[in-house]
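Notes follow the structure.
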Amino acid sequence: MPDAQGVRRVRYGSDPSQFGDLHLPDGDPVGLAVIVHGGFWRAQYGLDLGPPLAQSLRDRGWAAWNLEYRRVGNGGGVPATLDDVRAAIAKTADFDLGVEAIVGIGHSAGGHLATWAGGDPRGGVLTHVISQAGVVDLGTASAENLGAGAVTDFLGHAY
């Protein structure tokens, strides 16, 4: 059941980090935005970065699914983080929103995950992807030691 702001917490798995907040507009949504937060895939950053974007989209008639996922330091990294993003996006089928546009939006590491999900042949329901300063070149990010080894931590090995 949505709260007073039209937000409903939905679980997509049994891990404490496998949930998202579904922001529903008044009336039928024009599309669904899947918001994937950044933070170098690390546990100290969470979905609390996404509500301003989700609320702005909701105010413009979009439903917004603000995802949490397992991150490095709380069971995440490859493959767990990728499995979570795939499962969370697959969960959107249960929302029965009747929308054609399902847009993945991510910032930084979230831009990487949204872009990855857009090309994932096993879970492809995204119709569009918006990567905001996405870490999409893992080789360069690793070589430049972005985030003090964030790519190596995420992958579990050097790139």
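In the structure tokens, chains take the letters A, B, ... in the order shown, each chain's residues start at 1, and ligands count up from 1 in the order shown.
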(message) Applying 8 Å and only C-alpha atoms, which residues near stretch 142-149 of chain A remain after dropping the ones on its own chain fewer than 4 positions away? List them as an NGL selection string.
(response) :A and (40 or 138 or 153 or 158-159)
(message) Which of chain A end up as strand (DSSP E) when DSSP is run on this backbone - answer as a PyMOL selection string?
(response) chain A and resi 7-11+19-23+32-36+63-67+102-107+128-132
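In terms of minimum interatomic distance to A:His128, A:Gly31 ranks closest within A:Gly38, A:Gly98, A:Gly31, A:Gly76, counting only C-alpha atoms.
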What lies within 12 Å of A:Ala64 using only C-alpha atoms, ignoring chain neighbours under 2 positions off, as a CSV table (one decimal) with all heavy atoms, in the first residue's frame?
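Final output, saved to out16.csv:
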chain,number,residue,atom,x,y,z
A,6,GLY,N,2.4,8.6,-2.0
A,6,GLY,CA,2.3,7.7,-3.2
A,6,GLY,C,3.5,6.8,-3.4
A,6,GLY,O,3.8,6.3,-4.5
A,7,VAL,N,4.2,6.5,-2.3
A,7,VAL,CA,5.4,5.6,-2.4
A,7,VAL,C,5.1,4.3,-1.7
A,7,VAL,O,4.6,4.3,-0.6
A,7,VAL,CB,6.6,6.3,-1.7
A,7,VAL,CG1,7.8,5.4,-1.7
A,7,VAL,CG2,6.9,7.7,-2.3
A,8,ARG,N,5.5,3.2,-2.4
A,8,ARG,CA,5.3,1.9,-1.8
A,8,ARG,C,6.6,1.1,-1.9
A,8,ARG,O,7.2,1.0,-2.9
A,8,ARG,CB,4.2,1.1,-2.7
A,8,ARG,CG,3.9,-0.3,-2.2
A,8,ARG,CD,2.8,-0.9,-3.0
A,8,ARG,NE,3.2,-0.9,-4.4
A,8,ARG,CZ,2.6,-1.7,-5.3
A,8,ARG,NH1,1.7,-2.5,-5.0
A,8,ARG,NH2,3.0,-1.6,-6.6
A,9,ARG,N,7.0,0.6,-0.7
A,9,ARG,CA,8.2,-0.2,-0.7
A,9,ARG,C,7.9,-1.6,-1.1
A,9,ARG,O,6.9,-2.3,-0.7
A,9,ARG,CB,8.8,-0.3,0.7
A,9,ARG,CG,10.0,-1.1,0.8
A,9,ARG,CD,11.0,-0.6,1.8
A,9,ARG,NE,11.6,0.6,1.4
A,9,ARG,CZ,12.5,1.3,2.2
A,9,ARG,NH1,12.9,0.8,3.3
A,9,ARG,NH2,13.0,2.5,1.7
A,20,GLY,N,12.9,-1.9,-3.4
A,20,GLY,CA,12.8,-0.6,-4.1
A,20,GLY,C,11.6,0.1,-3.6
A,20,GLY,O,10.7,-0.5,-3.0
A,21,ASP,N,11.7,1.4,-3.8
A,21,ASP,CA,10.5,2.3,-3.5
A,21,ASP,C,9.8,2.7,-4.8
A,21,ASP,O,10.5,3.3,-5.7
A,21,ASP,CB,11.0,3.5,-2.7
A,21,ASP,CG,11.4,3.2,-1.3
A,21,ASP,OD1,11.0,2.1,-0.8
A,21,ASP,OD2,12.2,4.0,-0.7
A,22,LEU,N,8.6,2.3,-4.9
A,22,LEU,CA,7.8,2.6,-6.1
A,22,LEU,C,7.0,3.9,-5.9
A,22,LEU,O,6.1,3.9,-5.0
A,22,LEU,CB,6.9,1.4,-6.4
A,22,LEU,CG,6.0,1.5,-7.7
A,22,LEU,CD1,6.9,1.7,-8.9
A,22,LEU,CD2,5.1,0.3,-7.8
A,23,HIS,N,7.3,4.9,-6.6
A,23,HIS,CA,6.7,6.2,-6.6
A,23,HIS,C,5.6,6.2,-7.6
A,23,HIS,O,5.9,6.1,-8.8
A,23,HIS,CB,7.6,7.3,-6.8
A,23,HIS,CG,8.7,7.4,-5.7
A,23,HIS,ND1,8.8,8.4,-4.9
A,23,HIS,CD2,9.7,6.5,-5.4
A,23,HIS,CE1,9.9,8.2,-4.1
A,23,HIS,NE2,10.4,7.1,-4.4
A,24,LEU,N,4.3,6.3,-7.2
A,24,LEU,CA,3.2,6.3,-8.2
A,24,LEU,C,2.6,7.6,-8.4
A,24,LEU,O,2.3,8.3,-7.4
A,24,LEU,CB,2.2,5.3,-7.7
A,24,LEU,CG,2.7,3.8,-7.7
A,24,LEU,CD1,1.6,2.9,-7.0
A,24,LEU,CD2,3.0,3.3,-9.1
A,25,PRO,N,2.4,8.1,-9.6
A,25,PRO,CA,1.7,9.4,-9.8
A,25,PRO,C,0.2,9.2,-9.6
A,25,PRO,O,-0.3,8.1,-9.5
A,25,PRO,CB,2.0,9.6,-11.3
A,25,PRO,CG,2.0,8.2,-11.9
A,25,PRO,CD,2.7,7.4,-10.9
A,29,PRO,N,0.3,6.2,-15.2
A,29,PRO,CA,1.6,6.7,-15.5
A,29,PRO,C,1.8,6.7,-17.0
A,29,PRO,O,1.3,5.9,-17.7
A,29,PRO,CB,2.5,5.8,-14.8
A,29,PRO,CG,1.8,4.5,-14.6
A,29,PRO,CD,0.3,4.9,-14.5
A,30,VAL,N,2.6,7.7,-17.5
A,30,VAL,CA,3.0,7.7,-18.9
A,30,VAL,C,4.2,6.8,-19.2
A,30,VAL,O,4.4,6.5,-20.3
A,30,VAL,CB,3.4,9.2,-19.3
A,30,VAL,CG1,2.2,10.1,-19.2
A,30,VAL,CG2,4.6,9.7,-18.5
A,31,GLY,N,4.9,6.4,-18.2
A,31,GLY,CA,6.0,5.4,-18.3
A,31,GLY,C,6.5,5.1,-16.9
A,31,GLY,O,6.0,5.6,-15.9
A,32,LEU,N,7.5,4.2,-16.9
A,32,LEU,CA,8.2,3.8,-15.7
A,32,LEU,C,9.7,4.1,-15.8
A,32,LEU,O,10.3,3.7,-16.7
A,32,LEU,CB,8.0,2.3,-15.4
A,32,LEU,CG,8.8,1.7,-14.3
A,32,LEU,CD1,8.4,2.3,-12.9
A,32,LEU,CD2,8.6,0.2,-14.2
A,33,ALA,N,10.2,4.8,-14.8
A,33,ALA,CA,11.6,5.1,-14.7
A,33,ALA,C,12.2,4.2,-13.6
A,33,ALA,O,11.7,4.2,-12.5
A,33,ALA,CB,11.9,6.6,-14.4
A,34,VAL,N,13.2,3.4,-14.0
A,34,VAL,CA,13.9,2.6,-13.0
A,34,VAL,C,15.2,3.3,-12.6
A,34,VAL,O,16.1,3.5,-13.4
A,34,VAL,CB,14.3,1.2,-13.6
A,34,VAL,CG1,15.0,0.4,-12.6
A,34,VAL,CG2,13.0,0.5,-14.1
A,35,ILE,N,15.2,3.8,-11.4
A,35,ILE,CA,16.3,4.6,-10.9
A,35,ILE,C,17.3,3.8,-10.2
A,35,ILE,O,17.0,3.0,-9.2
A,35,ILE,CB,15.8,5.7,-10.0
A,35,ILE,CG1,14.8,6.6,-10.7
A,35,ILE,CG2,17.0,6.5,-9.4
A,35,ILE,CD1,14.1,7.6,-9.8
A,36,VAL,N,18.6,3.8,-10.6
A,36,VAL,CA,19.7,3.0,-10.1
A,36,VAL,C,20.7,4.0,-9.5
A,36,VAL,O,21.4,4.7,-10.3
A,36,VAL,CB,20.3,2.1,-11.1
A,36,VAL,CG1,21.3,1.1,-10.4
A,36,VAL,CG2,19.2,1.3,-11.9
A,50,GLY,N,18.1,8.7,-4.5
A,50,GLY,CA,17.1,8.8,-5.6
A,50,GLY,C,15.8,9.5,-5.4
A,50,GLY,O,15.2,9.9,-6.4
A,51,PRO,N,15.3,9.7,-4.2
A,51,PRO,CA,13.9,10.2,-4.0
A,51,PRO,C,13.7,11.6,-4.7
A,51,PRO,O,12.6,11.8,-5.3
A,51,PRO,CB,13.7,10.3,-2.5
A,51,PRO,CG,14.5,9.2,-2.0
A,51,PRO,CD,15.8,9.2,-2.9
A,52,PRO,N,14.6,12.5,-4.7
A,52,PRO,CA,14.3,13.8,-5.4
A,52,PRO,C,14.0,13.6,-6.9
A,52,PRO,O,13.1,14.2,-7.4
A,52,PRO,CB,15.6,14.6,-5.2
A,52,PRO,CG,16.2,14.1,-3.9
A,52,PRO,CD,15.9,12.6,-4.0
A,53,LEU,N,14.8,12.7,-7.6
A,53,LEU,CA,14.5,12.4,-9.0
A,53,LEU,C,13.2,11.7,-9.1
A,53,LEU,O,12.4,12.0,-10.0
A,53,LEU,CB,15.7,11.6,-9.6
A,53,LEU,CG,15.5,11.1,-11.0
A,53,LEU,CD1,15.2,12.3,-12.0
A,53,LEU,CD2,16.7,10.3,-11.5
A,54,ALA,N,13.0,10.7,-8.3
A,54,ALA,CA,11.7,9.9,-8.3
A,54,ALA,C,10.5,10.8,-8.1
A,54,ALA,O,9.5,10.7,-8.9
A,54,ALA,CB,11.8,8.8,-7.3
A,55,GLN,N,10.6,11.7,-7.2
A,55,GLN,CA,9.4,12.6,-6.9
A,55,GLN,C,9.2,13.6,-8.1
A,55,GLN,O,8.1,13.9,-8.5
A,55,GLN,CB,9.7,13.4,-5.6
A,55,GLN,CG,9.6,12.4,-4.4
A,55,GLN,CD,10.1,13.1,-3.1
A,55,GLN,OE1,10.3,14.3,-3.0
A,55,GLN,NE2,10.2,12.2,-2.1
A,56,SER,N,10.3,14.1,-8.7
A,56,SER,CA,10.2,15.0,-9.8
A,56,SER,C,9.5,14.2,-11.0
A,56,SER,O,8.7,14.8,-11.7
A,56,SER,CB,11.6,15.5,-10.2
A,56,SER,OG,11.5,16.3,-11.4
A,57,LEU,N,9.9,13.0,-11.2
A,57,LEU,CA,9.3,12.2,-12.3
A,57,LEU,C,7.9,11.9,-12.0
A,57,LEU,O,7.0,12.0,-12.9
A,57,LEU,CB,10.1,10.9,-12.5
A,57,LEU,CG,11.5,11.1,-13.1
A,57,LEU,CD1,12.3,9.8,-12.9
A,57,LEU,CD2,11.4,11.4,-14.6
A,58,ARG,N,7.6,11.6,-10.8
A,58,ARG,CA,6.2,11.3,-10.4
A,58,ARG,C,5.3,12.6,-10.6
A,58,ARG,O,4.2,12.5,-11.1
A,58,ARG,CB,6.1,10.9,-8.9
A,58,ARG,CG,4.7,10.5,-8.4
A,58,ARG,CD,4.8,10.2,-6.9
A,58,ARG,NE,5.2,11.3,-6.2
A,58,ARG,CZ,4.4,12.2,-5.5
A,58,ARG,NH1,3.1,12.0,-5.6
A,58,ARG,NH2,4.9,13.2,-4.8
A,59,ASP,N,5.8,13.7,-10.3
A,59,ASP,CA,5.1,15.0,-10.5
A,59,ASP,C,4.8,15.2,-12.0
A,59,ASP,O,3.9,16.0,-12.3
A,59,ASP,CB,5.9,16.2,-9.9
A,59,ASP,CG,5.9,16.1,-8.4
A,59,ASP,OD1,5.2,15.3,-7.7
A,59,ASP,OD2,6.8,16.9,-7.8
A,60,ARG,N,5.6,14.6,-12.8
A,60,ARG,CA,5.4,14.7,-14.3
A,60,ARG,C,4.7,13.6,-14.9
A,60,ARG,O,4.7,13.4,-16.1
A,60,ARG,CB,6.8,14.9,-15.0
A,60,ARG,CG,7.3,16.3,-14.7
A,60,ARG,CD,8.8,16.4,-14.9
A,60,ARG,NE,9.3,17.8,-14.7
A,60,ARG,CZ,9.5,18.3,-13.5
A,60,ARG,NH1,9.3,17.6,-12.4
A,60,ARG,NH2,10.0,19.5,-13.4
A,61,GLY,N,4.0,12.7,-14.1
A,61,GLY,CA,3.2,11.7,-14.5
A,61,GLY,C,3.9,10.3,-14.7
A,61,GLY,O,3.3,9.4,-15.2
A,62,TRP,N,5.1,10.2,-14.3
A,62,TRP,CA,5.8,8.9,-14.4
A,62,TRP,C,5.8,8.2,-13.1
A,62,TRP,O,5.8,8.7,-12.0
A,62,TRP,CB,7.3,9.2,-14.7
A,62,TRP,CG,7.6,9.6,-16.1
A,62,TRP,CD1,7.3,10.8,-16.7
A,62,TRP,CD2,8.1,8.8,-17.2
A,62,TRP,NE1,7.7,10.8,-18.0
A,62,TRP,CE2,8.2,9.6,-18.3
A,62,TRP,CE3,8.6,7.5,-17.2
A,62,TRP,CZ2,8.6,9.1,-19.5
A,62,TRP,CZ3,9.1,7.0,-18.4
A,62,TRP,CH2,9.1,7.8,-19.6
A,66,ASN,N,12.7,3.2,-7.5
A,66,ASN,CA,14.0,3.6,-7.0
A,66,ASN,C,14.6,2.4,-6.3
A,66,ASN,O,14.2,2.0,-5.2
A,66,ASN,CB,13.8,4.8,-6.0
A,66,ASN,CG,15.1,5.3,-5.4
A,66,ASN,OD1,16.2,5.2,-6.1
A,66,ASN,ND2,15.1,5.9,-4.2
A,67,LEU,N,15.6,1.8,-6.9
A,67,LEU,CA,16.2,0.5,-6.5
A,67,LEU,C,17.2,0.6,-5.4
A,67,LEU,O,18.1,1.5,-5.4
A,67,LEU,CB,16.8,-0.2,-7.7
A,67,LEU,CG,16.0,-0.5,-8.9
A,67,LEU,CD1,16.9,-1.2,-9.9
A,67,LEU,CD2,14.8,-1.2,-8.6
A,89,ILE,N,14.6,-5.3,-12.0
A,89,ILE,CA,13.9,-4.9,-13.2
A,89,ILE,C,12.9,-5.9,-13.7
A,89,ILE,O,11.8,-5.5,-14.1
A,89,ILE,CB,15.0,-4.6,-14.3
A,89,ILE,CG1,15.8,-3.4,-13.9
A,89,ILE,CG2,14.3,-4.4,-15.7
A,89,ILE,CD1,17.0,-3.1,-14.8
A,92,THR,N,9.4,-5.4,-12.2
A,92,THR,CA,8.5,-4.4,-12.8
A,92,THR,C,7.3,-5.0,-13.5
A,92,THR,O,6.2,-4.4,-13.6
A,92,THR,CB,9.2,-3.4,-13.7
A,92,THR,OG1,9.7,-4.1,-14.8
A,92,THR,CG2,10.3,-2.7,-13.0
A,95,PHE,N,4.1,-5.0,-11.5
A,95,PHE,CA,3.4,-3.7,-11.2
A,95,PHE,C,2.2,-3.5,-12.0
A,95,PHE,O,1.3,-2.7,-11.6
A,95,PHE,CB,4.4,-2.6,-11.3
A,95,PHE,CG,5.6,-2.6,-10.5
A,95,PHE,CD1,6.7,-1.9,-10.8
A,95,PHE,CD2,5.7,-3.4,-9.3
A,95,PHE,CE1,7.9,-1.9,-10.0
A,95,PHE,CE2,6.8,-3.5,-8.5
A,95,PHE,CZ,7.9,-2.7,-8.9
A,97,LEU,N,1.5,-1.8,-14.7
A,97,LEU,CA,1.2,-0.3,-14.9
A,97,LEU,C,0.7,0.0,-16.3
A,97,LEU,O,0.2,1.1,-16.5
A,97,LEU,CB,2.5,0.5,-14.7
A,97,LEU,CG,3.1,0.4,-13.2
A,97,LEU,CD1,4.5,1.1,-13.2
A,97,LEU,CD2,2.1,1.0,-12.3
A,99,VAL,N,2.4,0.4,-19.1
A,99,VAL,CA,3.2,1.4,-19.8
A,99,VAL,C,4.1,0.7,-20.8
A,99,VAL,O,4.4,-0.5,-20.7
A,99,VAL,CB,4.1,2.2,-18.8
A,99,VAL,CG1,3.3,3.0,-17.8
A,99,VAL,CG2,5.1,1.3,-18.1
A,101,ALA,N,6.9,2.5,-22.1
A,101,ALA,CA,8.3,3.0,-21.9
A,101,ALA,C,8.7,2.6,-20.5
A,101,ALA,O,8.1,3.0,-19.5
A,101,ALA,CB,8.3,4.5,-22.0
A,102,ILE,N,9.9,1.9,-20.4
A,102,ILE,CA,10.5,1.6,-19.2
A,102,ILE,C,12.0,2.0,-19.3
A,102,ILE,O,12.7,1.4,-20.1
A,102,ILE,CB,10.4,0.1,-18.8
A,102,ILE,CG1,8.9,-0.4,-18.8
A,102,ILE,CG2,11.1,-0.2,-17.5
A,102,ILE,CD1,8.7,-1.8,-18.6
A,103,VAL,N,12.3,3.1,-18.6
A,103,VAL,CA,13.6,3.8,-18.8
A,103,VAL,C,14.5,3.6,-17.6
A,103,VAL,O,14.1,3.9,-16.5
A,103,VAL,CB,13.3,5.3,-19.0
A,103,VAL,CG1,14.7,6.0,-19.3
A,103,VAL,CG2,12.4,5.5,-20.2
A,104,GLY,N,15.7,3.0,-17.8
A,104,GLY,CA,16.7,2.9,-16.8
A,104,GLY,C,17.4,4.2,-16.7
A,104,GLY,O,17.9,4.7,-17.7
A,105,ILE,N,17.5,4.7,-15.5
A,105,ILE,CA,18.3,6.0,-15.2
A,105,ILE,C,19.2,5.7,-14.1
A,105,ILE,O,18.8,5.3,-13.0
A,105,ILE,CB,17.3,7.1,-14.8
A,105,ILE,CG1,16.2,7.3,-15.9
A,105,ILE,CG2,18.1,8.4,-14.6
A,105,ILE,CD1,15.2,8.4,-15.5
(message) Env of A:Val78: 9 Å cut, atoms = only C-alpha atoms, seq-sep filter 4 positions within chain, self excluded. Answer as a ChimeraX atom specification.
(response) /A:72,82-83,154-156
Export, as a PDB file, in the first residue's frame, the selected residues with C-alpha atoms.
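Saved file again_0.pdb follows:
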ATOM      1  CA  VAL A  72      30.435  -4.068  -2.098  1.00  0.00           C
ATOM      2  CA  LEU A  82      24.152  -7.613 -11.370  1.00  0.00           C
ATOM      3  CA  ASP A  83      21.735 -10.359 -10.278  1.00  0.00           C
ATOM      4  CA  PHE A 154      33.218  -4.453  -7.640  1.00  0.00           C
ATOM      5  CA  LEU A 155      34.636  -7.105  -9.975  1.00  0.00           C
ATOM      6  CA  GLY A 156      36.454  -8.990  -7.219  1.00  0.00           C
TER       7      GLY A 156
END
(message) I need the helix (DSSP H, G or I) residues of stretch 49-110 of chain A per DSSP on the backbone, written as a list in words.
(response)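 Across stretch 49-110 of chain A, those assigned helix (DSSP H, G or I) are Leu49, Pro51, Pro52, Leu53, Ala54, Gln55, Ser56, Leu57, Arg58, Asp59, Ala80, Thr81, Leu82, Asp83, Asp84, Val85, Arg86, Ala87, Ala88, Ile89, Ala90, Lys91, Thr92, Ala93, Asp94, Phe95, Ala109 and Gly110 of chain A.
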